[in-house]
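Novice: Pasting coords31.txt below, which is compact mmCIF, N, CA and C atoms.
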# COMPACT_ATOMS: atom_id res chain seq x y z
N MET A 1 -10.66 -36.23 37.34
CA MET A 1 -9.78 -35.14 37.59
C MET A 1 -8.82 -34.92 36.42
N SER A 2 -8.28 -35.99 35.84
CA SER A 2 -7.38 -35.83 34.71
C SER A 2 -8.12 -35.31 33.48
N SER A 3 -9.42 -35.65 33.36
CA SER A 3 -10.23 -35.14 32.26
C SER A 3 -10.36 -33.62 32.37
N ARG A 4 -10.58 -33.13 33.57
CA ARG A 4 -10.71 -31.69 33.78
C ARG A 4 -9.37 -30.99 33.49
N LEU A 5 -8.28 -31.58 33.92
CA LEU A 5 -6.96 -31.02 33.69
C LEU A 5 -6.66 -30.99 32.19
N THR A 6 -7.06 -32.02 31.45
CA THR A 6 -6.86 -32.08 30.00
C THR A 6 -7.64 -30.97 29.31
N LYS A 7 -8.88 -30.74 29.75
CA LYS A 7 -9.70 -29.68 29.15
C LYS A 7 -9.09 -28.30 29.41
N ILE A 8 -8.59 -28.09 30.60
CA ILE A 8 -7.96 -26.80 30.93
C ILE A 8 -6.71 -26.59 30.08
N ALA A 9 -5.91 -27.64 29.94
CA ALA A 9 -4.69 -27.54 29.13
C ALA A 9 -5.03 -27.27 27.67
N ALA A 10 -6.05 -27.93 27.14
CA ALA A 10 -6.46 -27.73 25.75
C ALA A 10 -6.98 -26.31 25.55
N GLY A 11 -7.76 -25.82 26.49
CA GLY A 11 -8.27 -24.45 26.41
C GLY A 11 -7.15 -23.42 26.44
N THR A 12 -6.20 -23.63 27.31
CA THR A 12 -5.05 -22.73 27.42
C THR A 12 -4.23 -22.73 26.13
N ALA A 13 -4.03 -23.91 25.56
CA ALA A 13 -3.28 -24.02 24.31
C ALA A 13 -4.01 -23.31 23.17
N ALA A 14 -5.33 -23.45 23.12
CA ALA A 14 -6.12 -22.79 22.08
C ALA A 14 -6.03 -21.27 22.21
N LEU A 15 -6.14 -20.77 23.44
CA LEU A 15 -6.02 -19.33 23.66
C LEU A 15 -4.64 -18.81 23.26
N ALA A 16 -3.62 -19.57 23.59
CA ALA A 16 -2.26 -19.17 23.23
C ALA A 16 -2.09 -19.13 21.71
N ALA A 17 -2.66 -20.11 21.02
CA ALA A 17 -2.58 -20.14 19.56
C ALA A 17 -3.28 -18.95 18.94
N PHE A 18 -4.46 -18.59 19.45
CA PHE A 18 -5.18 -17.43 18.94
C PHE A 18 -4.39 -16.14 19.19
N ALA A 19 -3.81 -16.05 20.38
CA ALA A 19 -3.05 -14.85 20.72
C ALA A 19 -1.83 -14.70 19.81
N LEU A 20 -1.11 -15.77 19.58
CA LEU A 20 0.06 -15.72 18.71
C LEU A 20 -0.33 -15.41 17.27
N GLY A 21 -1.41 -16.02 16.81
CA GLY A 21 -1.87 -15.75 15.45
C GLY A 21 -2.29 -14.30 15.29
N GLY A 22 -2.99 -13.76 16.26
CA GLY A 22 -3.41 -12.36 16.21
C GLY A 22 -2.23 -11.41 16.24
N ALA A 23 -1.24 -11.73 17.06
CA ALA A 23 -0.05 -10.88 17.12
C ALA A 23 0.72 -10.90 15.80
N ALA A 24 0.81 -12.07 15.19
CA ALA A 24 1.49 -12.18 13.90
C ALA A 24 0.75 -11.39 12.83
N LEU A 25 -0.56 -11.47 12.83
CA LEU A 25 -1.36 -10.74 11.85
C LEU A 25 -1.23 -9.23 12.07
N ALA A 26 -1.27 -8.78 13.29
CA ALA A 26 -1.12 -7.36 13.59
C ALA A 26 0.26 -6.86 13.20
N GLY A 27 1.28 -7.64 13.44
CA GLY A 27 2.64 -7.27 13.06
C GLY A 27 2.80 -7.16 11.57
N ALA A 28 2.22 -8.07 10.83
CA ALA A 28 2.31 -8.04 9.37
C ALA A 28 1.58 -6.83 8.81
N THR A 29 0.43 -6.54 9.32
CA THR A 29 -0.34 -5.39 8.85
C THR A 29 0.37 -4.10 9.21
N GLY A 30 0.89 -4.00 10.43
CA GLY A 30 1.61 -2.81 10.85
C GLY A 30 2.86 -2.59 10.02
N GLY A 31 3.55 -3.64 9.64
CA GLY A 31 4.74 -3.52 8.81
C GLY A 31 4.43 -2.93 7.46
N ASP A 32 3.31 -3.34 6.85
CA ASP A 32 2.94 -2.80 5.56
C ASP A 32 2.62 -1.32 5.65
N ASP A 33 1.89 -0.92 6.68
CA ASP A 33 1.52 0.48 6.82
C ASP A 33 2.73 1.37 7.04
N SER A 34 3.66 0.93 7.87
CA SER A 34 4.80 1.78 8.18
C SER A 34 5.73 1.91 6.99
N GLU A 35 5.72 0.98 6.08
CA GLU A 35 6.57 1.05 4.91
C GLU A 35 5.94 1.83 3.78
N GLY A 36 4.63 2.03 3.81
CA GLY A 36 3.94 2.61 2.68
C GLY A 36 3.56 4.06 2.88
N ALA A 37 2.29 4.33 2.72
CA ALA A 37 1.78 5.70 2.71
C ALA A 37 2.04 6.45 4.00
N ASP A 38 2.16 5.77 5.13
CA ASP A 38 2.40 6.46 6.40
C ASP A 38 3.77 7.12 6.43
N ARG A 39 4.68 6.71 5.58
CA ARG A 39 6.02 7.31 5.56
C ARG A 39 6.02 8.63 4.82
N GLU A 40 5.10 8.83 3.88
CA GLU A 40 5.03 10.07 3.13
C GLU A 40 4.48 11.18 4.02
N LEU A 41 5.06 12.37 3.91
CA LEU A 41 4.63 13.48 4.73
C LEU A 41 3.34 14.08 4.18
N THR A 42 2.49 14.56 5.09
CA THR A 42 1.23 15.18 4.69
C THR A 42 0.95 16.38 5.57
N GLY A 43 0.00 17.20 5.17
CA GLY A 43 -0.50 18.30 5.99
C GLY A 43 0.55 19.30 6.38
N ALA A 44 0.46 19.76 7.62
CA ALA A 44 1.37 20.78 8.14
C ALA A 44 2.82 20.29 8.16
N THR A 45 3.02 19.01 8.40
CA THR A 45 4.38 18.46 8.41
C THR A 45 4.99 18.57 7.03
N LEU A 46 4.23 18.25 6.00
CA LEU A 46 4.69 18.38 4.62
C LEU A 46 5.05 19.83 4.31
N GLU A 47 4.19 20.76 4.70
CA GLU A 47 4.43 22.18 4.42
C GLU A 47 5.69 22.68 5.12
N ARG A 48 5.84 22.34 6.40
CA ARG A 48 7.00 22.82 7.16
C ARG A 48 8.30 22.20 6.65
N ALA A 49 8.28 20.91 6.35
CA ALA A 49 9.49 20.25 5.85
C ALA A 49 9.87 20.80 4.48
N SER A 50 8.89 21.00 3.62
CA SER A 50 9.17 21.53 2.28
C SER A 50 9.75 22.94 2.37
N ALA A 51 9.15 23.79 3.20
CA ALA A 51 9.64 25.16 3.35
C ALA A 51 11.08 25.17 3.88
N ALA A 52 11.37 24.34 4.87
CA ALA A 52 12.72 24.28 5.44
C ALA A 52 13.73 23.81 4.41
N ALA A 53 13.36 22.81 3.62
CA ALA A 53 14.27 22.28 2.61
C ALA A 53 14.53 23.32 1.52
N LEU A 54 13.50 24.02 1.09
CA LEU A 54 13.66 25.02 0.04
C LEU A 54 14.49 26.21 0.53
N ARG A 55 14.35 26.59 1.80
CA ARG A 55 15.21 27.63 2.37
C ARG A 55 16.67 27.18 2.35
N ALA A 56 16.90 25.92 2.70
CA ALA A 56 18.26 25.40 2.78
C ALA A 56 18.93 25.28 1.41
N THR A 57 18.13 25.07 0.37
CA THR A 57 18.69 24.88 -0.97
C THR A 57 18.63 26.14 -1.81
N GLY A 58 18.05 27.21 -1.28
CA GLY A 58 17.94 28.44 -2.04
C GLY A 58 16.85 28.38 -3.10
N GLY A 59 15.84 27.57 -2.85
CA GLY A 59 14.72 27.44 -3.78
C GLY A 59 14.77 26.13 -4.52
N GLY A 60 13.88 25.99 -5.48
CA GLY A 60 13.82 24.77 -6.27
C GLY A 60 12.44 24.17 -6.22
N THR A 61 12.37 22.88 -6.49
CA THR A 61 11.11 22.15 -6.53
C THR A 61 11.20 20.92 -5.64
N VAL A 62 10.22 20.75 -4.76
CA VAL A 62 10.16 19.56 -3.92
C VAL A 62 9.61 18.41 -4.76
N ASN A 63 10.37 17.33 -4.85
CA ASN A 63 9.97 16.17 -5.64
C ASN A 63 9.28 15.10 -4.81
N GLU A 64 9.80 14.89 -3.60
CA GLU A 64 9.33 13.78 -2.76
C GLU A 64 9.66 14.08 -1.31
N THR A 65 8.81 13.60 -0.41
CA THR A 65 9.06 13.75 1.02
C THR A 65 8.76 12.44 1.72
N GLU A 66 9.44 12.20 2.84
CA GLU A 66 9.15 11.00 3.63
C GLU A 66 9.75 11.13 5.01
N ARG A 67 9.27 10.28 5.90
CA ARG A 67 9.89 10.14 7.22
C ARG A 67 11.21 9.42 6.99
N ASP A 68 12.20 9.72 7.82
CA ASP A 68 13.54 9.20 7.59
C ASP A 68 14.20 8.90 8.93
N SER A 69 15.23 8.09 8.91
CA SER A 69 15.97 7.82 10.14
C SER A 69 17.47 7.79 9.89
N GLU A 70 17.90 8.21 8.71
CA GLU A 70 19.33 8.21 8.40
C GLU A 70 20.00 9.47 8.93
N ASN A 71 21.21 9.34 9.37
CA ASN A 71 22.03 10.46 9.83
C ASN A 71 21.37 11.28 10.94
N GLY A 72 20.54 10.66 11.76
CA GLY A 72 19.90 11.37 12.85
C GLY A 72 18.71 12.22 12.42
N ALA A 73 18.26 12.04 11.19
CA ALA A 73 17.15 12.85 10.68
C ALA A 73 15.80 12.22 11.01
N VAL A 74 14.76 13.03 10.92
CA VAL A 74 13.38 12.58 11.11
C VAL A 74 12.63 12.65 9.78
N TYR A 75 12.99 13.64 8.95
CA TYR A 75 12.33 13.84 7.66
C TYR A 75 13.36 13.94 6.55
N GLU A 76 12.95 13.54 5.33
CA GLU A 76 13.80 13.68 4.15
C GLU A 76 12.97 14.35 3.06
N VAL A 77 13.56 15.37 2.42
CA VAL A 77 12.90 16.09 1.34
C VAL A 77 13.84 16.07 0.14
N GLU A 78 13.38 15.52 -0.97
CA GLU A 78 14.17 15.54 -2.20
C GLU A 78 13.82 16.82 -2.96
N VAL A 79 14.84 17.60 -3.31
CA VAL A 79 14.64 18.88 -3.97
C VAL A 79 15.47 18.93 -5.25
N THR A 80 14.86 19.41 -6.34
CA THR A 80 15.61 19.77 -7.53
C THR A 80 15.89 21.26 -7.41
N LYS A 81 17.17 21.59 -7.30
CA LYS A 81 17.58 22.97 -7.09
C LYS A 81 17.44 23.78 -8.38
N PRO A 82 17.47 25.11 -8.29
CA PRO A 82 17.35 25.95 -9.49
C PRO A 82 18.39 25.64 -10.56
N ASN A 83 19.57 25.14 -10.17
CA ASN A 83 20.60 24.80 -11.15
C ASN A 83 20.39 23.43 -11.80
N GLY A 84 19.30 22.73 -11.40
CA GLY A 84 18.98 21.44 -12.00
C GLY A 84 19.49 20.23 -11.23
N SER A 85 20.37 20.44 -10.26
CA SER A 85 20.87 19.30 -9.48
C SER A 85 19.82 18.88 -8.46
N THR A 86 19.86 17.61 -8.08
CA THR A 86 18.91 17.06 -7.11
C THR A 86 19.64 16.71 -5.83
N VAL A 87 19.06 17.11 -4.71
CA VAL A 87 19.66 16.83 -3.40
C VAL A 87 18.60 16.29 -2.46
N ASP A 88 19.05 15.57 -1.45
CA ASP A 88 18.19 15.11 -0.36
C ASP A 88 18.52 15.97 0.86
N VAL A 89 17.51 16.65 1.36
CA VAL A 89 17.67 17.47 2.55
C VAL A 89 17.10 16.68 3.71
N ARG A 90 17.93 16.35 4.68
CA ARG A 90 17.49 15.61 5.85
C ARG A 90 17.30 16.60 6.99
N LEU A 91 16.13 16.50 7.64
CA LEU A 91 15.74 17.44 8.68
C LEU A 91 15.52 16.73 10.00
N ASP A 92 15.76 17.45 11.11
CA ASP A 92 15.47 16.89 12.43
C ASP A 92 14.00 17.13 12.77
N GLY A 93 13.60 16.75 13.97
CA GLY A 93 12.21 16.87 14.39
C GLY A 93 11.71 18.30 14.50
N SER A 94 12.63 19.27 14.56
CA SER A 94 12.27 20.69 14.61
C SER A 94 12.44 21.35 13.25
N PHE A 95 12.60 20.53 12.21
CA PHE A 95 12.76 20.98 10.83
C PHE A 95 14.04 21.75 10.60
N GLY A 96 15.04 21.45 11.41
CA GLY A 96 16.38 22.00 11.20
C GLY A 96 17.16 21.07 10.30
N VAL A 97 18.05 21.62 9.48
CA VAL A 97 18.82 20.81 8.54
C VAL A 97 19.85 19.98 9.29
N VAL A 98 19.84 18.68 9.03
CA VAL A 98 20.85 17.77 9.57
C VAL A 98 21.98 17.65 8.57
N VAL A 99 21.63 17.39 7.30
CA VAL A 99 22.61 17.26 6.24
C VAL A 99 21.91 17.40 4.89
N ILE A 100 22.65 17.88 3.91
CA ILE A 100 22.16 17.93 2.54
C ILE A 100 23.06 17.02 1.73
N GLU A 101 22.46 16.02 1.09
CA GLU A 101 23.23 15.03 0.34
C GLU A 101 22.80 15.05 -1.12
N GLY A 102 23.76 14.83 -2.00
CA GLY A 102 23.42 14.70 -3.41
C GLY A 102 24.47 15.28 -4.31
N GLU A 103 24.18 15.27 -5.59
CA GLU A 103 25.15 15.69 -6.58
C GLU A 103 25.46 17.18 -6.51
N GLY A 104 24.59 17.97 -5.92
CA GLY A 104 24.78 19.41 -5.86
C GLY A 104 25.63 19.88 -4.72
N ASN A 105 26.12 19.01 -3.88
CA ASN A 105 26.88 19.44 -2.69
C ASN A 105 28.11 20.26 -3.03
N GLU A 106 28.80 19.90 -4.11
CA GLU A 106 30.02 20.62 -4.48
C GLU A 106 29.68 22.04 -4.95
N ASP A 107 28.50 22.23 -5.54
CA ASP A 107 28.11 23.52 -6.10
C ASP A 107 27.58 24.47 -5.05
N GLU A 108 27.21 24.00 -3.86
CA GLU A 108 26.57 24.86 -2.87
C GLU A 108 27.48 25.99 -2.44
N SER A 109 28.77 25.75 -2.24
CA SER A 109 29.66 26.82 -1.80
C SER A 109 29.87 27.82 -2.92
N ALA A 110 29.91 27.38 -4.17
CA ALA A 110 30.09 28.28 -5.30
C ALA A 110 28.87 29.18 -5.47
N GLU A 111 27.67 28.67 -5.22
CA GLU A 111 26.47 29.45 -5.39
C GLU A 111 26.36 30.54 -4.34
N SER A 112 26.88 30.30 -3.15
CA SER A 112 26.72 31.25 -2.06
C SER A 112 27.76 32.36 -2.12
N GLU A 113 28.77 32.28 -2.99
CA GLU A 113 29.82 33.30 -3.08
C GLU A 113 29.36 34.48 -3.87
What's the structure tokens form of this structure?

Specialist:
Amino acid sequence: MSSRLTKIAAGTAALAAFALGGAALAGATGGDDSEGADRELTGATLERASAAALRATGGGTVNETERDSENGAVYEVEVTKPNGSTVDVRLDGSFGVVVIEGEGNEDESAESE
């Protein structure tokens, strides 16, 4: 009877070890993906975020896009404005502007006058 109990305990321990190892491997792989290419915007999301950011800045060039979580934003679009300054436009999930950050912030009110 103790031999059977020992085998059951060993089997349970082996299964637990495999489960923990698999979970650790999945977590490590998932961490790499979420930090890398999956953060960059693509397709329709890229197009909508870029268009919203360019409307907010009055034009310019989109340099970089990514998913974001700062200041309540979902997306971040880096734009070089027509005056040469670079700003980060943070957008919510509906592509509405949350905040525009960067060296051009002081010039935005002067440009709109």

Novice: State, in Å with one decimal place, the distance from atom C of Val62 in chain A to atom C of Pro82 in chain A.

Specialist: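 That distance, rounded to one decimal, is 12.8 Å.
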
Novice: Quote the spacing between CA of Arg39 in chain A and CA of Asp68 in chain A in Å to one decimal place.

Specialist: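 Taking CA of Arg39 in chain A as the start and CA of Asp68 in chain A as the end point, the length is 8.0 Å.
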
Novice: Restricting the calculation to only C-alpha atoms, which member of A:Arg55, A:Lys81, A:Lys7, A:Arg67 is positioned closest to Gly102 in chain A?

Specialist: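 That would be A:Lys81, the residue with the smallest distance to Gly102 in chain A.
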
Novice: Using all atoms listed in the file, find all polymer residues with an atom at most 7 Å away from the point (14.2, 20.6, 8.4); report them as number ranges by chain.

Specialist: A: 48-49, 52-53, 75, 89-98

Novice: Take CA of Ser85 in chain A and atom C of Leu41 in chain A and report the distance between them in Å, one decimal.

Specialist: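 That distance, rounded to one decimal, is 22.8 Å.
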
Novice: Of the residues A:Glu66, A:Ser2, A:Val79, A:Gly72, which is the one nearest to Leu54 in chain A, using all atoms listed in the file?

Specialist: A:Val79

Novice: Could the centre and edge lengths of an axis-aligned box, enclosing all atoms of range 98-102 of chain A in the file with 8 Å extra on each side, be given in Å to one decimal as AutoDock Vina command-line options?

Specialist:
--center_x 22.2 --center_y 16.7 --center_z 2.6 --size_x 20.6 --size_y 20.0 --size_z 29.9

Novice: Using only C-alpha atoms, which of the listed residues (A:Thr6, A:Gly59, A:Ser69, A:Val74) sits closest to Thr45 in chain A?

Specialist: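 Of all the options, A:Val74 lies closest to Thr45 in chain A.
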